[in-house]
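Next up, coords.cif (mmCIF, C-alpha atoms):
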```
data_work
#
loop_
_atom_site.label_atom_id
_atom_site.label_comp_id
_atom_site.auth_asym_id
_atom_site.auth_seq_id
_atom_site.Cartn_x
_atom_site.Cartn_y
_atom_site.Cartn_z
CA ASP Y 1 0.11 -10.83 6.64
CA TYR Y 2 2.79 -8.16 6.54
CA LEU Y 3 4.52 -6.20 9.26
CA VAL Y 4 5.16 -2.50 8.66
CA SER Y 5 8.18 -0.85 10.29
CA LEU Y 6 9.39 2.74 10.48
CA GLY Y 7 12.99 2.75 11.65
CA VAL Y 8 13.12 0.51 14.72
CA PHE Y 9 9.38 0.79 15.41
CA ASN Y 10 6.61 -1.56 14.29
CA ALA Y 11 3.99 0.78 12.79
CA GLY Y 12 1.16 -1.31 11.39
CA LYS Y 13 -0.17 -4.39 9.69
CA ALA Y 14 -1.89 -4.93 6.36
CA SER Y 15 -3.75 -7.77 4.69
CA MET Y 16 -5.78 -8.40 1.57
CA ILE Y 17 -9.01 -10.36 1.29
CA THR Y 18 -9.92 -11.62 -2.17
CA ASP Y 19 -13.31 -13.30 -2.48
CA THR Y 20 -13.08 -16.83 -3.85
CA ILE Y 21 -16.29 -16.23 -5.80
CA THR Y 22 -16.67 -13.81 -8.70
CA TYR Y 23 -19.30 -11.15 -9.23
CA SER Y 24 -21.16 -9.66 -12.18
CA LEU Y 25 -20.70 -5.93 -12.65
CA ASN Y 26 -22.06 -4.16 -15.74
CA ASP Y 27 -21.94 -7.40 -17.75
CA ASN Y 28 -18.37 -8.12 -16.62
CA GLU Y 29 -17.20 -10.99 -14.44
CA VAL Y 30 -15.03 -9.44 -11.72
CA PHE Y 31 -12.91 -10.26 -8.70
CA LYS Y 32 -13.58 -8.32 -5.49
CA ILE Y 33 -10.46 -7.41 -3.51
CA ASP Y 34 -10.36 -5.62 -0.15
CA VAL Y 35 -7.22 -4.30 1.51
CA ILE Y 36 -7.40 -3.70 5.26
CA GLY Y 37 -4.76 -1.61 7.00
CA ARG Y 38 -4.33 -0.58 10.63
CA THR Y 39 -1.73 1.01 12.85
CA ILE Y 40 -0.34 -0.81 15.89
CA GLY Y 41 1.63 0.08 19.01
CA ILE Y 42 2.56 3.68 19.66
CA PHE Y 43 1.41 4.69 16.17
CA ASP Y 44 -2.08 3.46 17.01
CA PHE Y 45 -2.12 5.70 20.08
CA PHE Y 46 -1.04 8.91 18.34
CA ALA Y 47 -2.38 8.45 14.79
CA LYS Y 48 -4.93 5.63 14.67
CA VAL Y 49 -5.63 4.34 11.17
CA ARG Y 50 -8.37 1.91 10.14
CA ASP Y 51 -8.56 1.98 6.35
CA ASN Y 52 -10.35 -0.21 3.81
CA TRP Y 53 -9.49 0.13 0.15
CA GLY Y 54 -11.24 -2.05 -2.42
CA ALA Y 55 -11.33 -2.82 -6.12
CA TYR Y 56 -13.42 -4.82 -8.56
CA ILE Y 57 -11.28 -6.00 -11.50
CA THR Y 58 -12.29 -8.05 -14.51
CA THR Y 59 -11.31 -11.71 -14.57
CA SER Y 60 -10.50 -11.57 -18.28
CA ASP Y 61 -7.93 -8.76 -18.49
CA LEU Y 62 -7.63 -7.43 -14.89
CA GLN Y 63 -9.08 -4.03 -15.74
CA PRO Y 64 -10.53 -2.02 -12.83
CA LYS Y 65 -14.27 -1.39 -12.96
CA LYS Y 66 -15.10 -0.09 -9.48
CA PHE Y 67 -13.20 1.23 -6.45
CA HIS Y 68 -14.15 2.02 -2.89
CA ARG Y 69 -12.29 3.61 0.00
CA TYR Y 70 -13.45 3.85 3.60
CA LEU Y 71 -10.88 5.84 5.55
CA GLN Y 72 -10.45 6.48 9.28
CA GLU Y 73 -7.23 8.37 9.97
CA GLY Y 74 -7.26 9.95 13.42
CA LYS Y 75 -10.35 12.18 13.48
CA TYR Y 76 -10.49 12.23 9.69
CA ARG Y 77 -13.18 10.24 7.86
CA LYS Y 78 -13.92 9.70 4.17
CA ASN Y 79 -16.19 7.15 2.45
CA GLU Y 80 -16.37 7.08 -1.35
CA ILE Y 81 -17.12 4.76 -4.27
CA LEU Y 82 -15.69 5.30 -7.75
CA ASN Y 83 -17.56 3.84 -10.74
CA PHE Y 84 -15.88 3.56 -14.13
CA GLN Y 85 -18.37 4.40 -16.86
CA ASN Y 86 -18.31 2.40 -20.08
CA ASP Y 87 -17.39 4.39 -23.21
CA SER Y 88 -16.91 7.56 -21.18
CA ASP Y 89 -13.92 9.77 -20.39
CA SER Y 90 -15.23 10.43 -16.88
CA VAL Y 91 -15.66 8.53 -13.63
CA GLN Y 92 -18.57 8.79 -11.22
CA ILE Y 93 -17.74 9.42 -7.56
CA VAL Y 94 -20.39 8.41 -5.03
CA ILE Y 95 -19.93 10.51 -1.90
CA LEU Y 96 -21.10 8.76 1.27
CA ASP Y 97 -21.68 10.07 4.77
CA LYS Y 98 -18.49 10.07 6.86
CA PHE Y 99 -20.05 7.98 9.62
CA THR Y 100 -23.17 6.17 8.35
CA LYS Y 101 -22.02 5.58 4.72
CA ASN Y 102 -25.43 6.74 3.52
CA PHE Y 103 -25.57 8.35 0.08
CA VAL Y 104 -24.83 12.10 0.00
CA GLN Y 105 -24.19 13.11 -3.63
CA TYR Y 106 -22.56 12.32 -6.97
CA LYS Y 107 -19.65 14.10 -8.56
CA TYR Y 108 -17.75 13.45 -11.79
CA LEU Y 109 -14.07 13.63 -12.73
CA HIS Y 110 -12.68 13.57 -16.28
CA PHE Y 111 -9.57 11.60 -17.19
CA GLU Y 112 -8.26 14.28 -19.53
CA ASN Y 113 -8.49 17.20 -17.11
CA ASP Y 114 -8.53 15.52 -13.69
CA ILE Y 115 -6.08 12.66 -14.15
CA GLN Y 116 -3.70 13.82 -11.39
CA LYS Y 117 -6.55 14.21 -8.93
CA ILE Y 118 -7.88 10.75 -9.76
CA ILE Y 119 -4.45 9.17 -9.35
CA ARG Y 120 -3.72 10.92 -6.04
CA SER Y 121 -7.14 10.13 -4.59
CA TYR Y 122 -7.30 6.49 -5.74
CA PHE Y 123 -3.61 5.60 -5.96
CA MET Y 124 -4.04 2.73 -3.51
CA ASN Y 125 -6.95 1.26 -5.47
CA TYR Y 126 -4.93 1.36 -8.68
CA TRP Y 127 -2.12 -0.42 -6.83
CA ILE Y 128 -4.46 -3.25 -5.90
CA ALA Y 129 -5.34 -3.75 -9.55
CA SER Y 130 -1.80 -3.18 -10.86
CA LEU Y 131 -0.29 -5.71 -8.46
CA ALA Y 132 -2.62 -8.36 -9.88
CA TYR Y 133 -1.58 -7.29 -13.39
CA LEU Y 134 2.15 -7.44 -12.58
CA ARG Y 135 1.75 -10.92 -11.14
CA SER Y 136 0.14 -12.12 -14.38
CA LEU Y 137 3.18 -11.33 -16.57
CA ASP Y 138 6.11 -13.51 -17.67
CA TYR Y 139 9.51 -12.02 -16.75
CA SER Y 140 11.74 -14.80 -18.09
CA ASP Y 141 13.18 -12.55 -20.83
CA ILE Y 142 13.06 -9.16 -19.11
CA SER Y 143 16.18 -6.98 -19.01
CA ASP Y 144 17.54 -4.82 -16.19
CA LYS Y 145 16.09 -1.28 -16.20
CA GLU Y 146 13.32 -2.32 -18.59
CA LEU Y 147 10.05 -0.46 -18.06
CA VAL Y 148 6.77 -2.30 -17.62
CA GLU Y 149 3.73 -0.23 -18.51
CA ILE Y 150 0.50 -0.77 -16.61
CA PRO Y 151 -2.21 -0.44 -19.30
CA TYR Y 152 -4.77 1.57 -17.35
CA PHE Y 153 -3.93 4.97 -18.87
CA GLU Y 154 -2.56 4.00 -22.27
CA ASN Y 155 -4.75 6.55 -24.08
CA ASN Y 156 -3.87 9.41 -21.74
CA ASP Y 157 -1.05 11.71 -22.82
CA LYS Y 158 -0.71 13.29 -19.38
CA PHE Y 159 0.11 10.21 -17.34
CA LYS Y 160 2.21 7.07 -17.76
CA TYR Y 161 1.91 4.32 -15.18
CA GLN Y 162 5.19 2.37 -15.23
CA MET Y 163 7.39 0.06 -13.19
CA LYS Y 164 11.14 -0.36 -13.65
CA PHE Y 165 12.56 -3.88 -13.45
CA LEU Y 166 15.79 -3.63 -11.45
CA LYS Y 167 17.27 -7.10 -10.98
CA ARG Y 168 16.94 -10.63 -9.69
CA GLU Y 169 18.27 -11.54 -6.26
CA SER Y 170 17.83 -13.95 -3.37
CA ILE Y 171 16.57 -12.34 -0.14
CA GLN Y 172 16.24 -13.63 3.41
CA THR Y 173 12.70 -13.39 4.82
CA LYS Y 174 10.91 -14.64 7.92
CA ILE Y 175 9.62 -17.54 5.86
CA GLY Y 176 13.04 -18.46 4.48
CA GLU Y 177 15.42 -17.49 1.68
CA ILE Y 178 13.49 -16.75 -1.50
CA ASN Y 179 14.56 -16.00 -5.06
CA SER Y 180 13.00 -12.69 -6.06
CA ILE Y 181 12.55 -10.09 -8.78
CA VAL Y 182 12.91 -6.44 -7.84
CA PHE Y 183 10.91 -3.47 -9.17
CA ALA Y 184 10.83 0.27 -8.60
CA PRO Y 185 7.69 2.27 -9.43
CA LEU Y 186 8.23 5.52 -11.30
CA ILE Y 187 6.94 8.05 -8.77
CA PRO Y 188 6.48 11.74 -9.60
CA LYS Y 189 8.65 14.10 -7.57
CA ASN Y 190 7.10 14.83 -4.20
CA ARG Y 191 8.03 15.81 -0.67
CA LEU Y 192 8.47 12.23 0.56
CA PHE Y 193 10.65 10.60 -2.10
CA GLU Y 194 13.55 12.50 -3.63
CA ASP Y 195 15.98 9.81 -4.85
CA GLU Y 196 15.60 7.75 -7.99
CA ASP Y 197 14.28 4.27 -7.18
CA ALA Y 198 13.47 5.46 -3.66
CA VAL Y 199 10.76 2.79 -3.44
CA LYS Y 200 11.59 -0.84 -4.24
CA PHE Y 201 9.53 -3.98 -3.91
CA TRP Y 202 10.31 -7.67 -4.22
CA LEU Y 203 8.14 -10.44 -5.71
CA SER Y 204 8.98 -14.14 -5.56
CA ASP Y 205 10.70 -15.23 -8.77
CA ASP Y 206 8.28 -17.97 -9.73
CA LYS Y 207 4.89 -18.35 -11.38
CA ASN Y 208 3.05 -16.96 -8.34
CA LYS Y 209 5.11 -13.77 -7.82
CA VAL Y 210 4.11 -13.42 -4.18
CA PRO Y 211 4.88 -9.98 -2.66
CA LEU Y 212 7.79 -10.36 -0.21
CA LYS Y 213 9.14 -6.97 0.79
CA LEU Y 214 9.00 -3.25 0.21
CA LEU Y 215 11.65 -0.66 1.10
CA ALA Y 216 11.03 3.08 0.86
CA LYS Y 217 13.80 5.59 1.50
CA MET Y 218 12.08 8.76 2.65
CA ASN Y 219 13.26 12.11 3.89
CA PHE Y 220 12.64 11.18 7.52
CA GLY Y 221 13.87 7.57 7.44
CA ASN Y 222 13.38 4.15 5.93
CA PHE Y 223 9.99 2.48 5.75
CA VAL Y 224 9.97 -1.32 5.44
CA ILE Y 225 7.19 -3.81 4.80
CA GLU Y 226 8.09 -7.49 5.08
CA ILE Y 227 6.19 -10.72 4.85
CA GLU Y 228 5.49 -12.01 8.36
CA ASN Y 229 3.47 -15.14 7.74
CA TYR Y 230 1.45 -16.79 5.01
CA LYS Y 231 -1.52 -19.08 4.42
CA ASN Y 232 -1.98 -21.81 1.80
CA VAL Y 233 1.49 -21.12 0.37
CA ILE Y 234 4.27 -23.72 0.23
CA VAL Y 235 7.93 -22.72 0.16
CA GLY Y 236 9.77 -24.47 -2.65
CA SER Y 237 13.41 -24.57 -3.73
CA SER Y 238 12.87 -22.11 -6.58
CA GLY Y 239 10.48 -19.79 -4.76
CA LEU Y 240 6.86 -20.19 -3.66
CA THR Y 241 4.16 -22.49 -4.97
CA THR Y 242 0.46 -22.67 -4.15
CA LYS Y 243 -2.05 -25.46 -3.87
CA ASN Y 244 -4.52 -23.88 -6.27
CA ILE Y 245 -5.56 -20.51 -7.66
CA ASP Y 246 -8.32 -19.93 -5.10
CA GLU Y 247 -5.90 -20.39 -2.22
CA LEU Y 248 -3.38 -18.14 -3.95
CA ARG Y 249 -5.94 -15.36 -4.31
CA GLU Y 250 -6.72 -15.65 -0.60
CA SER Y 251 -3.03 -15.20 0.27
CA ILE Y 252 -2.37 -12.08 -1.82
CA THR Y 253 -1.40 -9.08 0.33
CA ASP Y 254 -0.73 -5.57 -0.86
CA THR Y 255 2.80 -4.66 0.18
CA LEU Y 256 2.40 -1.04 -0.83
CA LEU Y 257 -0.51 -0.10 1.42
CA TRP Y 258 1.32 2.02 3.96
CA ILE Y 259 3.56 3.80 1.47
CA CYS Y 260 0.44 4.75 -0.45
CA LEU Y 261 -1.25 5.90 2.75
CA LEU Y 262 1.67 8.23 3.42
CA TYR Y 263 1.81 9.41 -0.18
CA THR Y 264 -1.92 9.94 -0.69
CA SER Y 265 -3.35 10.31 2.81
CA ASP Y 266 -6.46 12.50 2.80
CA ALA Y 267 -5.87 13.49 6.38
CA ALA Y 268 -2.28 14.52 5.62
CA ASP Y 269 -3.06 16.64 2.58
CA ASP Y 270 -6.68 16.92 1.53
CA SER Y 271 -5.83 19.90 -0.68
CA LEU Y 272 -4.32 17.49 -3.21
CA ARG Y 273 -7.73 16.00 -3.99
#
```
Please lay out the structure from this file as structure tokens.
Amino acid sequence: DYLVSLGVFNAGKASMITDTITYSLNDNEVFKIDVIGRTIGIFDFFAKVRDNWGAYITTSDLQPKKFHRYLQEGKYRKNEILNFQNDSDSVQIVILDKFTKNFVQYKYLHFENDIQKIIRSYFMNYWIASLAYLRSLDYSDISDKELVEIPYFENNDKFKYQMKFLKRESIQTKIGEINSIVFAPLIPKNRLFEDEDAVKFWLSDDKNKVPLKLLAKMNFGNFVIEIENYKNVIVGSSGLTTKNIDELRESITDTLLWICLLYTSDAADDSLR
């Protein structure tokens, strides 16, 4: 689990649930991952959030095949499913009732013309998949400032999905001092983040690459997400190790949930969709 802080206030908690079994989806074997986020304390009183973002990604190459998002942000509600269509330049959006989740209608978005809308609306879901992809890579020979491309939009000229590798460093966490690797996502200019490398996140510098911390410098203050506790993970001298892959998948938590909620929140700016 991770604790989310805004300035001196504790704002929320987030966790990820990855099923230990796999599923079959359109002839693909896939993992099912759900991210649950909620506000706590005074934030829960004034702006209650209960969000569930999910992704189905292939076991072979970690490609996303299906997304869902069930959002409760104050009085705002939105329930949708996104289906990637094989050999098609469009995605199918299944619109569900705001309260019952019963089917309402279909709509379609095209990658060539609607890429920005897709990214803004499903940024969190892409982060779920991209975090799994980043954790699968070998960084033993990576250089400072080197860009890592996430291969979900490699055929799209209008959008590049990249992370910048910043450095290696040892950081102090609530579970001990951990060697880490530091990244900064390349974020388009927007009203929240103005500085270069305004958002940074830390992964453990070992084979598991467990998310440890996120720091976002925003116009109205710093937003921090830090690991609070863990399950089925053993702290080792060089970083973190796990008992087995199933237990590791259970312990994965998305450190970027609340930054993405602020950046893409439907309730905050539905006109961007």
*What does the PyMOL selection byres ((chain Y and resi 123-140) around 7) select in this file, as a count of residues only?*
19
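Residues in contact with Y:Thr59 at 10 Å, where all atoms listed in the file are counted and same-chain residues fewer than 4 positions away are skipped, are listed as Thr22, Tyr23, Asn28, Glu29, Val30, Phe31, Lys32, Gln63 and Pro64 of chain Y.
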*Quick one: of Y:Val210, Y:Ala11, Y:Leu203, Y:Leu166, who's nearest to Y:Val224, counting all atoms listed in the file?*
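Selected residue with least distance to Y:Val224: Y:Ala11.
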*Reference answer for the PyMOL selection byres ((chain Y and resi 83-96) around 6), as number ranges by chain*: Y: 65-66, 79-82, 97, 101-111
*asked:* Going by the chain IDs and residue numbers used in this file, which residues fall under the PyMOL selection byres ((chain Y and resi 42) around 12)? Write them as a ChimeraX atom specification.
replied: /Y:5-6,9-12,39-41,43-49
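If all atoms listed in the file are the atoms counted, then among Y:Ala184, Y:Asp114, Y:Gly221, Y:Lys13 the closest residue to Y:Arg38 is Y:Lys13.
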_Two-atom distance - atom CA of Y:Lys145, atom CA of Y:Ile118 (Å)_ =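 Computed distance, atom CA of Y:Lys145 to atom CA of Y:Ile118, equals 27.6 Å.
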*Just give me the gap between atom CA of Y:Val35 and atom CA of Y:Ile17 in Å, one decimal is fine.*
6.3 Å
